[in-house]
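Here is the structure we will look at, set down as structure tokens.
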Amino acid sequence: MALLGAARPDDGIGLFDLDVSSLPQPTRRARARSAVGSLLTTPGGTLGTIIVLALIVLAVFGPLLAPYSFSAIDVNATLQGPSLHHLLGTDQLGRDLLSRLIYGTRIEMAVSVPAVAFALVFGLVLGLLGGYLGGIFDNAVVLLTDTFQSFPAIILALTLLVVIGSSLRNLVIVIAVAFLPNYARTSRALVLSAKQNHYVLAERALGASRLRIMVRHISPNIVAPLFILLAMDIPSAIAVEAGLSFLGLGVRPPNPSWGTVLSDGFSSIYQAPWAVLFASLALAIATIGFLMFGEALRDVLDPRLRGVSRWRA
Amino acid sequence: MSLARYLGRRVITALVVVLIVMAFLASLDRLIPGNPVTYVFGPHANPALIKEVRHQMGLDVSVPQQIYQYIVNAFQGNLGINFVTNQSVASLVMENLKYTLVLAVSGLGLAVLVGVPLGVLAATKPGGLVDRAIGIVSISVITLPPFVVGLLLILIFAVHLHMLPVIGAGAPGQPADDLKHLVLPAVALSLGWIGYIARLVRSNMLEVLTSNYVRTAHALGIRRRKVFFQYALKNAAAPVVAILGVGLGTLLGGAIFIEVIFDRPGLGTLAYDAIASRNFPIVQGTSLVIAVLVIVANLLADVTYRLLDTRIQLGQAAGT
């Protein structure tokens with residue numbers, strides 16, 4: 001590890017490509033194992049990792065794990081409290097809440113993860129163009145991010161959704177657009193500082209093209225903080241999705257998102273508080289999980305950022 | 001850079017951003033395939049009616065011309081016509097804006113009034129009971145979006161305790177009733193911010209308290225409370241101003257939901273009802289007003305922050 005650490009691209013020498021191959025390197029598996037090990041060193045990191053893994057399992061294997069179908073109506077068992085038959089109770093149509101929340105996990109993940117990933121990729125491209133090329137590109141990127149950041153994320157997503165209509169794909173698009181400026185802004189700042197490094201100067205002296213410097217040399221050095229942002233933005237994206245679905249703009253019934261479960265539960269909050277309670281709990285657990293996972297990831301990927309909290313977009 | 005020049009540049013940037021926001025909103029429903037009149041009246045509407053409404057909405061000219069016209073109109077306070085009731089969108093938005101502003105300002109006010117003293121209190125004894133309690137509470141509340149906090153508050157205070165009203169904004173002309181109706185929505189909106197501001201003030205206070213001027217003040221025998229609240233807090237609270245400016249947007253976004261679940265009048269309810277009837281000019285007008293509010297708040301926060309904290313070199317941290 002020490003050898004690898006000494007030859008990392010940000011060491012300012014810029015001979016990474018020449019040197020490293022001749023050095024003894026830990027195998028890919030050993031490196032992965034040590035990264036996972038570091039994630040699990042703190043209680044918070046362990047909890048976060050467990051929650052995130054559990055959410056992924058629920059999202060992937062939901063249909064196998066859910067005791068009922070998400071849309072199975074049972075008119076004899078409406079608005080029930082938790083019982084052995086329905087662990088978390090039922091909604092106003094007698095649908096099993098646990099099953100709806102499990103299927104909802106799949107929708108939350110299928111919307112929030114791609115949305116934030118798209119935001120990262122396009123934000124990174126904008127940030128690279130603005131930060132590295134400078135001049136008119138930079139002004140354009142700054143103005144663009146300023147413009148989009150003057151809309152609260154949820155308002156921007158809502159306005160766009162009204163225009164393009166709601167569907168699962170469009171949810172991903174509008175949430176990606178709403179989160180994009182933050183990534184563009186962050187990557188621009190990272191690019192501005194990364195391009196001061198000597199290795200960039202060395203590459204330029206060697207005659208590397210601007211595209212090559214941006215893609216091969218700057219990007220790898222700035223993605224770590226962006227990935228941390230990504231982990232911590234997933235709960236915000238889930239909250240936006242839940243909000244839009246709560247307003248009836250997101251996932252269409254009978255499909256269950258945590259937002260539609262909340263909105264169904266809200267309409268019968270006086271008779272059966274369970275739906276609101278358990279859906280809020282699901283949101284809270286997911287948020288805490290991703291935040292803790294993100295913080296642990298930050299400590300592993302970029303210890304310099306320790307203590308920088310970004311708990312509110 | 002002189003203050004005047006900095007101000008001038010900052011104001012011009014803000015104006016340019018307002019212009020782009022307007023152009024963006026104006027182009028939205030024009031750039032999308034399909035025509036706004038058809039999606040309101042359906043594909044089988046009377047062609048004469050469609051032509052009439054298209055003319056009314058200014059859709060029978062070229063797209064750049066429409067965008068230009070929208071911007072010119074917007075600067076004159078004309079945000080288009082609500083084509084369902086034929087009312088002016090601007091007057092509808094302005095009518096509802098005051099409710100949203102009252103909610104947002106009381107939410108922010110509450111957050112500052114509770115958050116700042118809590119932060120100072122936590123800083124007087126780091127690791128103490130208050131400090132740890134704030135840490136735990138702020139983490140648990142920050143994890144929930146305001147509308148979920150609102151739902152849970154309704155569950156506790158209205159469904160179980162029957163303590164506070166949760167529907168509407170109170171009878172007009174009865175301040176006591178209005179205030180009662182404002183309590184839960186404002187608390188729902190501010191809870192996350194209380195913890196956030198408390199943590200921010202705490203960490204700033206801890207930093208400021210180690211500085212030389214605070215040590216000197218202590219050495220001079222000035223009363224502890226005075227040092228804390230008068231000397232240290234002034235510098236520790238400056239970043240809160242910046243956070244508030246940036247945070248107003250998030251807060252307004254949350255207010256939209258709070259209005260819908262507490263059934264209060266305001267921009268959120270207006271937009272929500274408009275969405276149901278696909279009444280785009282209203283959604284457009286609401287977004288525009290909110291965006292302009294955020295831009296102005298950012299501008300004011302930036303300027304105030306720099307006036308409060310003279311250590312910051314003007315222009316250097318302006319971000320543009």
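Chain identifiers are assigned as A, B, and so on, following the order in which chains appear in the structure tokens; residues are numbered from 1 within each chain, and ligands are numbered from 1 in order of appearance.
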With a cut-off of 8 Å, could you pull out the residues of chain B touching chain A and give me the nearest pair of atoms for each, distance in Å to one decimal, using only C-alpha atoms, ordered by chain and ascending number, as a Markdown table?
```
| residue | atom | partner | partner_atom | distance |
| --- | --- | --- | --- | --- |
| B:Val17 | CA | A:Thr147 | CA | 5.4 |
| B:Val18 | CA | A:Thr147 | CA | 7.5 |
| B:Ile20 | CA | A:Thr147 | CA | 6.7 |
| B:Val21 | CA | A:Thr147 | CA | 5.9 |
| B:Leu28 | CA | A:Val163 | CA | 7.2 |
| B:Asp29 | CA | A:Val163 | CA | 6.2 |
| B:Ile32 | CA | A:Ile164 | CA | 7.2 |
| B:Ser140 | CA | A:Ala284 | CA | 7.7 |
| B:Ile142 | CA | A:Trp311 | CA | 7.4 |
| B:Thr143 | CA | A:Ala284 | CA | 5.6 |
| B:Leu144 | CA | A:Ala284 | CA | 5.8 |
| B:Pro145 | CA | A:Ala239 | CA | 6.3 |
| B:Phe147 | CA | A:Gly243 | CA | 7.7 |
| B:Val148 | CA | A:Ser280 | CA | 6.3 |
| B:Leu151 | CA | A:Val276 | CA | 7.2 |
| B:Leu152 | CA | A:Leu277 | CA | 7.2 |
| B:Leu155 | CA | A:Pro273 | CA | 7.0 |
| B:Val159 | CA | A:Tyr270 | CA | 5.9 |
| B:Gly249 | CA | A:Pro152 | CA | 4.9 |
| B:Thr250 | CA | A:Pro152 | CA | 5.4 |
| B:Leu252 | CA | A:Pro152 | CA | 7.3 |
| B:Gly253 | CA | A:Pro152 | CA | 5.5 |
| B:Phe257 | CA | A:Gly243 | CA | 7.7 |
| B:Tyr272 | CA | A:Leu247 | CA | 7.5 |
| B:Ile275 | CA | A:Val162 | CA | 6.7 |
| B:Arg278 | CA | A:Val162 | CA | 7.2 |
| B:Phe280 | CA | A:Val162 | CA | 7.5 |
| B:Val283 | CA | A:Thr159 | CA | 6.6 |
| B:Gln284 | CA | A:Thr159 | CA | 7.2 |
| B:Ser287 | CA | A:Ile155 | CA | 6.7 |
| B:Ile290 | CA | A:Phe151 | CA | 7.1 |
| B:Ala291 | CA | A:Phe151 | CA | 5.1 |
| B:Val292 | CA | A:Ser150 | CA | 7.4 |
| B:Val294 | CA | A:Ser150 | CA | 5.6 |
| B:Ile295 | CA | A:Ser150 | CA | 5.8 |
| B:Thr320 | CA | A:Val142 | CA | 7.0 |
```
| task | Could you give me the residues within range 10-239 of chain A that DSSP places in helix (DSSP H, G or I), as a count of residues only? | result | 176
| query | In Å, how far is it from CA of Ala194 in chain A to CA of Asn221 in chain A? | reply | 7.6 Å
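Note that the spacing between CA of His55 in chain B and CA of Val93 in chain B amounts to 22.8 Å.
With only C-alpha atoms as the atoms that count, the minimum distance from Ala178 in chain A to the choices A:Glu295, A:Asp233, A:Glu108, A:Asp264 is reached by A:Asp233.
When only C-alpha atoms are used to measure the gap to Asn298 in chain B, the shortest distance among B:Ala271, B:Ile243, B:Ala276, B:Ile134 belongs to B:Ile243.
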| said: I want to know what sits within 9 Å of Leu189 in chain B, based on only C-alpha atoms, with residues of the same chain fewer than 6 positions away left out; could you give that as an MDAnalysis selection string? | reply: chainID B and resid 103:104 107:108 111 146:147 149:150 251 254:255 258
| field | Non-local contacts of Val141 in chain A (10 Å; only C-alpha atoms; under 6 positions in same chain excluded) as a ChimeraX atom specification | value | /A:123,126-131,134,147,181,184-185,188
For the residues in the current selection, export C-alpha atoms as an mmCIF file, in the first residue's frame.
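Here's the written file out-v9.cif:
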```
data_model
loop_
_atom_site.group_PDB
_atom_site.id
_atom_site.type_symbol
_atom_site.label_atom_id
_atom_site.label_comp_id
_atom_site.auth_asym_id
_atom_site.auth_seq_id
_atom_site.Cartn_x
_atom_site.Cartn_y
_atom_site.Cartn_z
ATOM 1 C CA GLY A 123 -22.345 17.508 -14.036
ATOM 2 C CA LEU A 126 -19.994 20.486 -17.515
ATOM 3 C CA GLY A 127 -17.557 20.978 -14.658
ATOM 4 C CA LEU A 128 -14.632 19.778 -16.791
ATOM 5 C CA LEU A 129 -15.604 22.018 -19.703
ATOM 6 C CA GLY A 130 -16.065 25.062 -17.492
ATOM 7 C CA GLY A 131 -13.198 24.482 -15.122
ATOM 8 C CA GLY A 134 -12.255 28.498 -18.798
ATOM 9 C CA THR A 147 -29.888 29.660 -13.095
ATOM 10 C CA PRO A 181 -26.111 21.906 -11.025
ATOM 11 C CA ALA A 184 -21.429 20.766 -12.153
ATOM 12 C CA ARG A 185 -20.523 23.331 -9.520
ATOM 13 C CA ARG A 188 -15.854 22.743 -11.602
#
```
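Interatomic distance, CA of Leu65 in chain A against CA of Ala275 in chain A: 19.3 Å.
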Polymer residues at most 6 Å from range 85-102 of chain A, only C-alpha atoms, same-chain spacing of 3 or more positions, as an mmCIF file with C-alpha atoms, in the first residue's frame:
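Heads up, here's the output in result37.cif:
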```
data_model
loop_
_atom_site.group_PDB
_atom_site.id
_atom_site.type_symbol
_atom_site.label_atom_id
_atom_site.label_comp_id
_atom_site.auth_asym_id
_atom_site.auth_seq_id
_atom_site.Cartn_x
_atom_site.Cartn_y
_atom_site.Cartn_z
ATOM 1 C CA GLY A 62 -38.424 -7.678 -3.383
ATOM 2 C CA ALA A 66 -42.744 -9.640 0.048
ATOM 3 C CA TYR A 68 -48.211 -10.442 -0.596
ATOM 4 C CA PHE A 70 -48.317 -4.992 -3.744
ATOM 5 C CA ALA A 72 -53.608 -7.567 -3.789
ATOM 6 C CA ILE A 73 -56.818 -5.995 -2.520
ATOM 7 C CA ASP A 74 -58.554 -7.528 0.487
ATOM 8 C CA VAL A 75 -61.810 -5.730 1.267
ATOM 9 C CA ALA A 77 -59.040 -6.440 5.941
ATOM 10 C CA THR A 78 -58.907 -2.694 5.311
ATOM 11 C CA LEU A 79 -56.996 -0.239 7.538
ATOM 12 C CA GLN A 80 -55.786 -2.890 9.933
ATOM 13 C CA GLY A 81 -53.041 -2.374 12.471
ATOM 14 C CA PRO A 82 -49.974 -4.596 12.620
ATOM 15 C CA THR A 105 -37.871 0.124 -2.142
ATOM 16 C CA PRO A 256 -46.202 1.626 -4.606
#
```
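Near range 43-49 of chain A, within 8 Å and counting only C-alpha atoms, sit A:Leu39, A:Leu40, A:Thr41, A:Ile51, A:Val52, A:Leu53, A:Ile288, A:Gly289, A:Phe290, A:Leu291, A:Met292, A:Phe293, A:Gly294, A:Glu295, A:Ala296, A:Leu297, not including residues fewer than 2 positions from it in the same chain.
Proximity ranking of B:Pro281, B:Leu293, B:Met22, B:Ile167 relative to Ile81 in chain B places B:Pro281 first, based on only C-alpha atoms.
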| said: Need to verify the contact set: range 228-240 of chain B, 12 Å, only C-alpha atoms, exclusion of same-chain residues closer than 6 positions in sequence. Can you return it as a VMD selection string? | reply: chain B and resid 108 111 to 113 115 to 117 119 to 121 123 to 124 193 to 194 196 to 218 222 246 to 248 301 to 312
For those residues, write C-alpha atoms to a file as a short mmCIF file (atom, residue, chain, number, x, y, z; two decimals), in the first residue's frame.
```cif
data_model
loop_
_atom_site.label_atom_id
_atom_site.label_comp_id
_atom_site.auth_asym_id
_atom_site.auth_seq_id
_atom_site.Cartn_x
_atom_site.Cartn_y
_atom_site.Cartn_z
CA LEU B 108 -36.79 30.65 9.37
CA ALA B 111 -35.11 28.15 13.36
CA VAL B 112 -32.86 31.13 14.15
CA LEU B 113 -34.51 31.99 17.48
CA GLY B 115 -31.16 27.22 16.81
CA VAL B 116 -28.70 30.01 17.63
CA PRO B 117 -29.15 29.92 21.45
CA GLY B 119 -25.80 26.25 19.43
CA VAL B 120 -24.27 28.71 21.91
CA LEU B 121 -25.45 26.58 24.79
CA ALA B 123 -20.65 25.33 22.68
CA THR B 124 -20.39 26.38 26.34
CA TRP B 193 -33.12 23.90 10.36
CA ILE B 194 -33.01 24.27 14.13
CA TYR B 196 -28.64 22.48 11.39
CA ILE B 197 -28.21 26.05 12.64
CA ALA B 198 -27.44 24.85 16.16
CA ARG B 199 -24.66 22.60 14.87
CA LEU B 200 -23.29 25.37 12.65
CA VAL B 201 -23.28 27.95 15.46
CA ARG B 202 -21.76 25.41 17.82
CA SER B 203 -18.81 24.63 15.60
CA ASN B 204 -18.24 28.31 14.75
CA MET B 205 -18.45 29.27 18.41
CA LEU B 206 -15.93 26.63 19.38
CA GLU B 207 -13.58 28.02 16.79
CA VAL B 208 -14.10 31.66 17.73
CA LEU B 209 -13.76 30.94 21.46
CA THR B 210 -10.15 29.85 20.94
CA SER B 211 -9.23 33.12 19.22
CA ASN B 212 -7.00 35.74 20.77
CA TYR B 213 -9.57 38.48 21.15
CA VAL B 214 -11.82 36.24 23.22
CA ARG B 215 -8.89 35.30 25.43
CA THR B 216 -8.05 38.97 25.84
CA ALA B 217 -11.65 39.75 26.75
CA HIS B 218 -11.56 37.03 29.39
CA ILE B 222 -15.29 41.00 31.13
CA VAL B 246 -28.86 29.73 0.32
CA GLY B 247 -31.35 27.79 2.41
CA LEU B 248 -34.36 29.91 1.55
CA ALA B 301 -27.27 37.09 2.02
CA ASP B 302 -24.07 37.47 0.02
CA VAL B 303 -23.97 41.19 0.56
CA THR B 304 -24.89 41.03 4.25
CA TYR B 305 -22.35 38.31 4.87
CA ARG B 306 -19.60 40.41 3.35
CA LEU B 307 -20.65 43.46 5.30
CA LEU B 308 -20.73 41.49 8.56
CA ASP B 309 -17.50 39.64 8.04
CA THR B 310 -14.87 42.12 7.02
CA ARG B 311 -12.22 39.41 6.88
CA ILE B 312 -13.54 38.24 3.54
#
```
| task | Find, counting only C-alpha atoms, the residue in B:Val296, B:Val114, B:Ala274, B:Ala23 that gets nearest to Ser190 in chain B. | result | B:Val114
